[in-house]
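A.B. asks: Contents are mmCIF, C-alpha atoms; file name start_14.cif:
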```cif
data_final
loop_
_atom_site.label_atom_id
_atom_site.label_comp_id
_atom_site.auth_asym_id
_atom_site.auth_seq_id
_atom_site.Cartn_x
_atom_site.Cartn_y
_atom_site.Cartn_z
CA MET A 1 -11.91 15.35 -11.09
CA ARG A 2 -11.38 13.11 -14.10
CA ALA A 3 -14.05 15.00 -16.06
CA HIS A 4 -12.30 18.25 -15.25
CA SER A 5 -9.02 16.80 -16.53
CA GLU A 6 -10.65 15.78 -19.80
CA ASP A 7 -12.17 19.26 -20.17
CA LEU A 8 -8.74 20.77 -19.66
CA VAL A 9 -7.16 18.58 -22.27
CA SER A 10 -9.95 19.40 -24.71
CA ILE A 11 -9.62 23.14 -24.09
CA SER A 12 -5.83 23.15 -24.21
CA ARG A 13 -5.94 21.42 -27.60
CA SER A 14 -8.52 23.78 -29.16
CA PRO A 15 -7.69 27.45 -28.42
CA GLY A 16 -9.21 28.33 -31.79
CA ARG A 17 -12.56 26.92 -30.68
CA VAL A 18 -12.46 28.97 -27.48
CA PHE A 19 -11.62 32.08 -29.52
CA VAL A 20 -14.58 31.46 -31.84
CA LEU A 21 -16.92 30.90 -28.87
CA VAL A 22 -15.82 34.17 -27.27
CA LEU A 23 -16.38 36.08 -30.53
CA LEU A 24 -19.80 34.52 -30.99
CA SER A 25 -20.70 35.38 -27.39
CA VAL A 26 -19.68 39.01 -27.86
CA PHE A 27 -21.55 39.22 -31.16
CA GLY A 28 -24.70 37.63 -29.78
CA ILE A 29 -24.79 39.67 -26.57
CA GLU A 30 -24.01 42.94 -28.35
CA GLY A 31 -26.63 42.21 -31.01
CA ALA A 32 -29.26 41.50 -28.35
CA ILE A 33 -28.40 44.72 -26.52
CA MET A 34 -28.59 46.83 -29.69
CA LEU A 35 -31.94 45.28 -30.61
CA GLY A 36 -33.18 46.00 -27.10
CA LEU A 37 -32.06 49.61 -27.24
CA ALA A 38 -33.77 50.04 -30.60
CA TRP A 39 -37.10 49.29 -28.95
CA LEU A 40 -36.70 52.08 -26.41
CA PRO A 41 -38.44 55.39 -27.20
CA ASP A 42 -35.98 57.89 -28.73
CA GLU A 43 -37.10 60.76 -26.49
CA ARG A 44 -36.18 58.82 -23.33
CA HIS A 45 -32.49 58.47 -24.04
CA GLY A 46 -29.63 60.10 -25.96
CA TRP A 47 -26.48 58.70 -27.48
CA ILE A 48 -24.52 59.10 -24.24
CA SER A 49 -27.05 57.09 -22.28
CA ASP A 50 -27.09 54.50 -25.10
CA VAL A 51 -23.34 54.06 -24.81
CA LEU A 52 -23.48 53.72 -21.03
CA ILE A 53 -26.37 51.26 -21.17
CA ASP A 54 -24.65 49.30 -23.95
CA ALA A 55 -21.33 49.09 -22.09
CA SER A 56 -22.96 48.19 -18.78
CA LEU A 57 -25.15 45.46 -20.22
CA LEU A 58 -22.31 44.07 -22.35
CA THR A 59 -20.03 43.86 -19.31
CA LEU A 60 -22.74 42.36 -17.13
CA LEU A 61 -23.81 39.71 -19.64
CA LEU A 62 -20.38 38.92 -21.04
CA ALA A 63 -18.70 38.38 -17.66
CA PRO A 64 -20.29 34.92 -17.01
CA ALA A 65 -19.45 33.79 -20.54
CA LEU A 66 -15.79 34.84 -20.18
CA TRP A 67 -15.66 33.18 -16.76
CA LEU A 68 -16.94 29.86 -18.14
CA LEU A 69 -14.97 29.92 -21.39
CA MET A 70 -11.63 31.34 -20.25
CA VAL A 71 -11.08 32.14 -16.58
CA ARG A 72 -12.40 28.90 -15.08
CA PRO A 73 -10.66 26.57 -17.59
CA LEU A 74 -7.38 28.46 -17.22
CA ARG A 75 -7.56 28.28 -13.44
CA MET A 76 -8.27 24.55 -13.64
CA LEU A 77 -5.38 24.17 -16.08
CA PHE A 78 -2.95 25.94 -13.73
CA GLU A 79 -4.15 23.81 -10.80
CA ALA A 80 -3.73 20.63 -12.84
CA ARG A 81 -0.24 21.66 -13.91
CA GLY A 82 0.63 22.39 -10.29
CA ARG A 83 -0.55 18.95 -9.23
CA LEU A 84 1.40 17.40 -12.07
CA LEU A 85 4.58 19.23 -11.09
CA ARG A 86 4.19 18.02 -7.52
CA ARG A 87 3.79 14.48 -8.80
CA VAL A 88 6.91 14.88 -10.93
CA PHE A 89 8.95 16.13 -7.97
CA GLU A 90 7.61 13.34 -5.76
CA SER A 91 8.45 10.77 -8.44
CA GLN A 92 11.97 12.15 -8.69
CA GLU A 93 12.45 11.89 -4.95
CA ASP A 94 11.04 8.36 -4.92
CA GLU A 95 13.39 7.39 -7.74
CA ARG A 96 16.39 8.86 -5.91
CA ALA A 97 15.42 6.98 -2.77
CA ARG A 98 15.06 3.75 -4.74
CA ILE A 99 18.47 4.19 -6.37
CA ALA A 100 20.09 4.93 -3.02
CA ARG A 101 18.45 1.86 -1.48
CA ASP A 102 19.52 -0.37 -4.37
CA LEU A 103 23.08 0.93 -4.22
CA HIS A 104 23.26 0.40 -0.47
CA ASP A 105 21.58 -3.00 -0.35
CA GLY A 106 23.14 -4.44 -3.48
CA VAL A 107 26.33 -2.86 -4.76
CA GLY A 108 27.31 -1.48 -1.36
CA GLN A 109 27.17 -4.85 0.34
CA HIS A 110 29.14 -6.56 -2.42
CA LEU A 111 31.84 -3.86 -2.33
CA THR A 112 32.04 -4.18 1.44
CA ALA A 113 32.52 -7.92 1.06
CA LEU A 114 35.27 -7.27 -1.51
CA MET A 115 37.10 -4.92 0.85
CA VAL A 116 36.92 -7.40 3.71
CA GLY A 117 38.00 -10.20 1.40
CA LEU A 118 41.00 -8.27 0.15
CA ARG A 119 42.09 -7.80 3.73
CA THR A 120 41.82 -11.54 4.34
CA ILE A 121 43.93 -12.20 1.26
CA GLU A 122 46.69 -10.05 2.73
CA GLN A 123 46.56 -12.20 5.84
CA SER A 124 46.43 -15.57 4.02
CA PRO A 125 48.95 -18.06 5.42
CA ASP A 126 49.79 -19.53 2.00
CA LEU A 127 49.34 -18.95 -1.73
CA GLU A 128 46.64 -21.59 -2.23
CA THR A 129 44.43 -20.05 0.48
CA ALA A 130 44.88 -16.62 -1.11
CA ARG A 131 43.86 -18.01 -4.50
CA GLN A 132 40.75 -19.63 -3.03
CA ARG A 133 39.69 -16.37 -1.39
CA ALA A 134 40.40 -14.49 -4.64
CA ARG A 135 38.03 -16.84 -6.48
CA GLU A 136 35.34 -16.10 -3.88
CA LEU A 137 35.91 -12.37 -4.26
CA ARG A 138 35.56 -12.64 -8.03
CA GLU A 139 32.03 -13.97 -7.43
CA PHE A 140 31.22 -10.92 -5.32
CA GLY A 141 32.58 -8.71 -8.11
CA THR A 142 30.38 -10.48 -10.65
CA ARG A 143 27.29 -9.94 -8.48
CA ALA A 144 28.14 -6.25 -7.99
CA HIS A 145 28.55 -5.86 -11.75
CA GLN A 146 25.20 -7.52 -12.34
CA ASP A 147 23.53 -5.24 -9.78
CA VAL A 148 24.95 -2.18 -11.54
CA ARG A 149 23.71 -3.43 -14.91
CA GLU A 150 20.20 -3.99 -13.53
CA LEU A 151 20.21 -0.57 -11.91
CA VAL A 152 21.30 1.13 -15.14
CA SER A 153 18.71 -0.84 -17.09
CA GLY A 154 16.01 0.38 -14.71
CA LEU A 155 17.08 3.99 -15.21
CA GLY A 156 16.88 3.67 -18.96
CA PRO A 157 18.13 0.81 -21.12
CA ALA A 158 20.96 1.58 -23.51
CA THR A 159 19.01 -0.25 -26.21
CA LEU A 160 16.34 2.44 -26.15
CA LYS A 161 18.83 5.18 -26.92
CA GLU A 162 20.92 3.24 -29.40
CA LEU A 163 18.39 1.14 -31.32
CA GLY A 164 15.00 2.67 -30.55
CA LEU A 165 11.70 1.77 -28.91
CA GLU A 166 11.04 -1.43 -30.87
CA ALA A 167 14.32 -3.08 -29.79
CA ALA A 168 13.91 -1.90 -26.18
CA LEU A 169 10.35 -3.28 -25.98
CA GLU A 170 11.50 -6.57 -27.48
CA GLN A 171 14.13 -6.94 -24.76
CA LEU A 172 11.62 -5.85 -22.12
CA CYS A 173 9.18 -8.54 -23.25
CA ILE A 174 11.93 -11.19 -23.25
CA ASP A 175 13.03 -10.24 -19.74
CA PHE A 176 9.42 -10.18 -18.50
CA GLU A 177 8.68 -13.63 -19.91
CA ARG A 178 11.82 -15.08 -18.34
CA ALA A 179 11.19 -13.47 -14.96
CA HIS A 180 7.46 -14.29 -14.62
CA GLY A 181 6.84 -17.24 -16.91
CA VAL A 182 4.15 -15.34 -18.83
CA LYS A 183 4.21 -15.70 -22.61
CA THR A 184 4.79 -12.19 -23.96
CA VAL A 185 4.55 -11.38 -27.67
CA LEU A 186 5.52 -8.07 -29.29
CA ARG A 187 4.04 -7.05 -32.64
CA CYS A 188 5.13 -3.90 -34.47
CA GLU A 189 3.29 -2.29 -37.37
CA PRO A 190 4.86 -1.33 -39.68
CA THR A 191 8.09 -3.26 -39.36
CA PRO A 192 10.51 -1.62 -38.83
CA LEU A 193 8.72 1.06 -36.89
CA GLY A 194 11.50 3.65 -37.19
CA ARG A 195 12.58 6.31 -34.70
CA ILE A 196 9.79 8.47 -33.27
CA GLY A 197 11.69 10.88 -31.00
CA ALA A 198 13.57 10.35 -27.75
CA VAL A 199 10.90 11.85 -25.47
CA THR A 200 8.09 9.85 -27.07
CA GLU A 201 10.09 6.63 -27.00
CA THR A 202 11.00 7.06 -23.33
CA ALA A 203 7.40 7.80 -22.32
CA LEU A 204 6.02 4.77 -24.15
CA PHE A 205 8.76 2.52 -22.76
CA ARG A 206 7.94 3.62 -19.19
CA ILE A 207 4.24 3.05 -19.84
CA ALA A 208 5.02 -0.45 -21.09
CA GLN A 209 7.18 -1.12 -18.01
CA GLU A 210 4.44 -0.04 -15.63
CA ALA A 211 1.76 -1.96 -17.53
CA LEU A 212 3.78 -5.18 -17.45
CA ASN A 213 4.49 -4.65 -13.75
CA ASN A 214 0.73 -4.42 -13.23
CA VAL A 215 0.27 -7.69 -15.11
CA ALA A 216 2.87 -9.37 -12.91
CA ARG A 217 1.37 -8.03 -9.66
CA HIS A 218 -2.35 -8.23 -10.30
CA ALA A 219 -3.44 -9.99 -13.50
CA ARG A 220 -2.49 -13.67 -12.95
CA ALA A 221 -2.23 -13.86 -16.73
CA SER A 222 -0.76 -16.62 -18.89
CA GLU A 223 -0.23 -14.50 -22.01
CA VAL A 224 0.41 -10.86 -22.82
CA ASP A 225 0.15 -9.25 -26.24
CA VAL A 226 2.09 -6.01 -26.84
CA ARG A 227 1.29 -4.16 -30.04
CA LEU A 228 3.11 -1.06 -31.32
CA SER A 229 1.88 0.82 -34.38
CA ARG A 230 2.15 4.20 -36.06
CA SER A 231 0.03 6.09 -38.59
CA ASP A 232 -0.73 9.68 -39.56
CA GLY A 233 1.72 11.24 -37.11
CA TRP A 234 0.58 9.16 -34.12
CA VAL A 235 2.00 6.10 -32.41
CA SER A 236 -0.06 3.65 -30.36
CA LEU A 237 1.04 1.17 -27.72
CA ALA A 238 -1.56 -1.45 -26.80
CA ILE A 239 -1.00 -4.07 -24.08
CA ARG A 240 -3.55 -6.85 -23.56
CA ASP A 241 -3.47 -9.71 -21.07
CA ASP A 242 -5.75 -12.70 -20.53
CA GLY A 243 -5.78 -12.36 -16.74
CA ARG A 244 -8.50 -11.93 -14.18
CA GLY A 245 -9.23 -8.30 -15.05
CA HIS A 246 -9.80 -5.63 -12.47
CA GLY A 247 -12.88 -7.28 -11.02
CA THR A 248 -13.84 -5.70 -7.72
CA ASP A 249 -10.91 -3.29 -8.10
CA ALA A 250 -12.34 -1.67 -11.23
CA ARG A 251 -13.07 1.50 -9.28
CA ASN A 252 -9.40 1.78 -8.35
CA ALA A 253 -8.45 1.34 -11.98
CA ALA A 254 -10.86 4.05 -13.11
CA THR A 255 -9.59 6.54 -10.57
CA GLY A 256 -5.91 5.99 -11.26
CA GLY A 257 -5.02 2.90 -9.26
CA PHE A 258 -2.49 0.28 -10.40
CA GLY A 259 -0.15 3.09 -11.52
CA LEU A 260 -2.61 4.23 -14.19
CA GLY A 261 -2.35 7.81 -12.97
CA SER A 262 1.35 8.07 -13.80
CA MET A 263 0.87 6.32 -17.15
CA ARG A 264 -1.99 8.63 -18.07
CA GLU A 265 0.03 11.69 -17.09
CA ARG A 266 2.95 10.56 -19.25
CA ALA A 267 0.64 10.26 -22.25
CA GLU A 268 -1.21 13.52 -21.66
CA LEU A 269 2.03 15.47 -21.16
CA LEU A 270 2.84 14.63 -24.78
CA GLY A 271 -0.63 15.64 -25.96
CA GLY A 272 -1.86 12.07 -26.10
CA SER A 273 -4.27 9.86 -24.19
CA LEU A 274 -4.49 6.55 -22.35
CA ALA A 275 -7.52 4.25 -22.29
CA VAL A 276 -8.11 1.13 -20.21
CA ALA A 277 -10.78 -1.53 -20.70
CA SER A 278 -11.18 -4.42 -18.28
CA LYS A 279 -13.79 -6.97 -17.27
CA PRO A 280 -13.69 -9.60 -14.54
CA ASN A 281 -12.07 -12.82 -15.81
CA GLU A 282 -11.71 -11.36 -19.31
CA GLY A 283 -8.36 -9.64 -18.99
CA THR A 284 -7.33 -6.04 -19.42
CA ARG A 285 -6.47 -3.94 -22.45
CA LEU A 286 -4.49 -0.73 -22.12
CA GLU A 287 -3.76 1.60 -25.03
CA ALA A 288 -1.59 4.72 -25.04
CA ARG A 289 -1.74 7.00 -28.06
CA VAL A 290 0.68 9.93 -28.45
CA PRO A 291 1.80 12.18 -31.31
CA ILE A 292 5.19 11.58 -32.88
CA GLU A 293 7.73 14.30 -32.10
CA GLN A 294 8.10 16.87 -34.87
CA ARG A 295 11.73 17.47 -35.72
CA VAL A 296 12.66 21.14 -36.16
#
```
As a first step, turn the structure in this file into structure tokens.

C.D. replies:
Amino acid sequence: MRAHSEDLVSISRSPGRVFVLVLLSVFGIEGAIMLGLAWLPDERHGWISDVLIDASLLTLLLAPALWLLMVRPLRMLFEARGRLLRRVFESQEDERARIARDLHDGVGQHLTALMVGLRTIEQSPDLETARQRARELREFGTRAHQDVRELVSGLGPATLKELGLEAALEQLCIDFERAHGVKTVLRCEPTPLGRIGAVTETALFRIAQEALNNVARHARASEVDVRLSRSDGWVSLAIRDDGRGHGTDARNAATGGFGLGSMRERAELLGGSLAVASKPNEGTRLEARVPIEQRV
């Protein structure tokens, strides 16, 4: 299945090559037919029979070539796009469910506590008791505000939209290091990187999020190196850790485990690619490479 996906990407990026192959196939088959007809005795066939033989042989011999060069790749492309759309819809539903769960478990509970607390304030026997309960409710309000900020940050940090990918990745690395105690260093080349398009920036930020989540869950790393670079209309995001590598789970990594499937799809949707290299006890290196958006 992975080989088919790579073939599709190759074909979708080179329609000119497919066009040239089809023309060469038609030329070669037609030339072979004409040479074959030239060897037939003239008295055994006329021009009408030549045309019929030529058309029949051309159709018969060209059909497999067209099937291999056009029909089969296009059918695989449509099937791959269908699978990708299903994944997108499933991801959207999963994200909605996560947001609903976070709102209910976090913000919802704090707001419920606020409502109950306000009722107790109304029933306070004296002013000092009311003030004490108000101070407690302010703590619930602070927690609810923090939950909302974390939820919004998960949906898409404001830094990404306002200041760009470099600033958003810097904050992501800082937050990751604080949360997991793993030294995380961001390097950008050139500095400053500059804006590369909203869609590209969002995709690379999500890839970085998922890659760091993988490090936290699986790598047991002590250091992570995040490198962002651009050149010749392309931008690359490379994330390397010094953890335990995939080890016995390398097969899962190769077939799309550890969230690699979604990261690879994000890159390929933009016409890019994602590569992963990992060895037991030697860490993992992930690199996404995508074209920079062309402004119209």

A.B. asks: Under the PyMOL selection byres ((chain A and resi 225) around 9), which residues of this model are included? Write them out as a short mmCIF file (atom, residue, chain, number, x, y, z; two decimals) with C-alpha atoms, in the frame of the given file.

C.D. replies:
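Written output follows (expr.cif):
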```
data_model
loop_
_atom_site.label_atom_id
_atom_site.label_comp_id
_atom_site.auth_asym_id
_atom_site.auth_seq_id
_atom_site.Cartn_x
_atom_site.Cartn_y
_atom_site.Cartn_z
CA LYS A 183 4.21 -15.70 -22.61
CA THR A 184 4.79 -12.19 -23.96
CA VAL A 185 4.55 -11.38 -27.67
CA LEU A 186 5.52 -8.07 -29.29
CA ARG A 187 4.04 -7.05 -32.64
CA GLU A 223 -0.23 -14.50 -22.01
CA VAL A 224 0.41 -10.86 -22.82
CA VAL A 226 2.09 -6.01 -26.84
CA ARG A 227 1.29 -4.16 -30.04
CA ALA A 238 -1.56 -1.45 -26.80
CA ILE A 239 -1.00 -4.07 -24.08
CA ARG A 240 -3.55 -6.85 -23.56
CA ASP A 241 -3.47 -9.71 -21.07
CA ASP A 242 -5.75 -12.70 -20.53
#
```

A.B. asks: Might you spell out which residues the PyMOL selection byres ((chain A and resi 161-173) around 9) would select in the displayed file, as a ChimeraX atom specification?

C.D. replies: /A:156-160,174-178,183-186,188,192-198,201-202,204-205,208-209,212,226,228

A.B. asks: Rounded to one decimal in Å, what is the spacing between CA of Gly271 (chain A) and CA of Pro291 (chain A)?

C.D. replies: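 A separation of 6.8 Å between them.
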
A.B. asks: Can you tell me, as an MDAnalysis selection string, what residues are no more than 10 Å from Arg266 (chain A) when counting all atoms listed in the file, ignoring any on the same chain fewer than 4 positions away?

C.D. replies: chainID A and resid 200 202:204 206:207 260:262 270:274 288 290

A.B. asks: Please produce a file of those selected residues containing C-alpha atoms, as a PDB file, keeping the file's coordinate frame.

C.D. replies:
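Output contents, as saved in out.pdb:
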```pdb
ATOM      1  CA  THR A 200       8.090   9.850 -27.070  1.00  0.00           C
ATOM      2  CA  THR A 202      11.000   7.060 -23.330  1.00  0.00           C
ATOM      3  CA  ALA A 203       7.400   7.800 -22.320  1.00  0.00           C
ATOM      4  CA  LEU A 204       6.020   4.770 -24.150  1.00  0.00           C
ATOM      5  CA  ARG A 206       7.940   3.620 -19.190  1.00  0.00           C
ATOM      6  CA  ILE A 207       4.240   3.050 -19.840  1.00  0.00           C
ATOM      7  CA  LEU A 260      -2.610   4.230 -14.190  1.00  0.00           C
ATOM      8  CA  GLY A 261      -2.350   7.810 -12.970  1.00  0.00           C
ATOM      9  CA  SER A 262       1.350   8.070 -13.800  1.00  0.00           C
ATOM     10  CA  LEU A 270       2.840  14.630 -24.780  1.00  0.00           C
ATOM     11  CA  GLY A 271      -0.630  15.640 -25.960  1.00  0.00           C
ATOM     12  CA  GLY A 272      -1.860  12.070 -26.100  1.00  0.00           C
ATOM     13  CA  SER A 273      -4.270   9.860 -24.190  1.00  0.00           C
ATOM     14  CA  LEU A 274      -4.490   6.550 -22.350  1.00  0.00           C
ATOM     15  CA  ALA A 288      -1.590   4.720 -25.040  1.00  0.00           C
ATOM     16  CA  VAL A 290       0.680   9.930 -28.450  1.00  0.00           C
TER      17      VAL A 290
END
```

A.B. asks: Hey, what's within 8 Å of region 129-137 of chain A if we count all atoms listed in the file and toss same-chain stuff fewer than 5 positions away? As a list in words, please?

C.D. replies: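 That gives Ala113, Leu114, Gly117, Leu118, Thr120, Ile121, Glu122 and Ser124 of chain A.
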
A.B. asks: Could you list the residues chosen by the PyMOL selection byres ((chain A and resi 275) around 6) in this structure as a list in words?

C.D. replies: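 Selected by the PyMOL selection byres ((chain A and resi 275) around 6) in this file: Leu274, Val276, Leu286 and Glu287 of chain A.
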
A.B. asks: I'd like the neighbourhood of Gly106 (chain A) as JSON, numbers by chain, where a residue qualifies if any of its atoms comes within 8 Å (using all atoms listed in the file), though same-chain residues fewer than 4 positions away should be ignored.

C.D. replies: {"A": [102, 110, 144, 147]}

A.B. asks: From the set A:Ala216, A:Val182, A:Leu151, A:Leu35, which residue has the shortest atom-to-atom contact distance to Asp105 (chain A), counting all atoms listed in the file?

C.D. replies: A:Leu151

A.B. asks: Work out how far apart CA of Met115 (chain A) and CA of Gly141 (chain A) are and give it in Å to one decimal.

C.D. replies: 10.7 Å

A.B. asks: For Ser56 (chain A), which of A:Leu74, A:Ile29, A:Leu23, A:Leu269 is the closest residue, counting only C-alpha atoms?

C.D. replies: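 Among the listed residues, A:Ile29 lies closest to Ser56 (chain A).
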
A.B. asks: Report, in Å with one decimal, the straight-line distance from CA of Ser278 (chain A) to CA of Gly245 (chain A).

C.D. replies: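 One can read the CA of Ser278 (chain A) to CA of Gly245 (chain A) distance as 5.4 Å.
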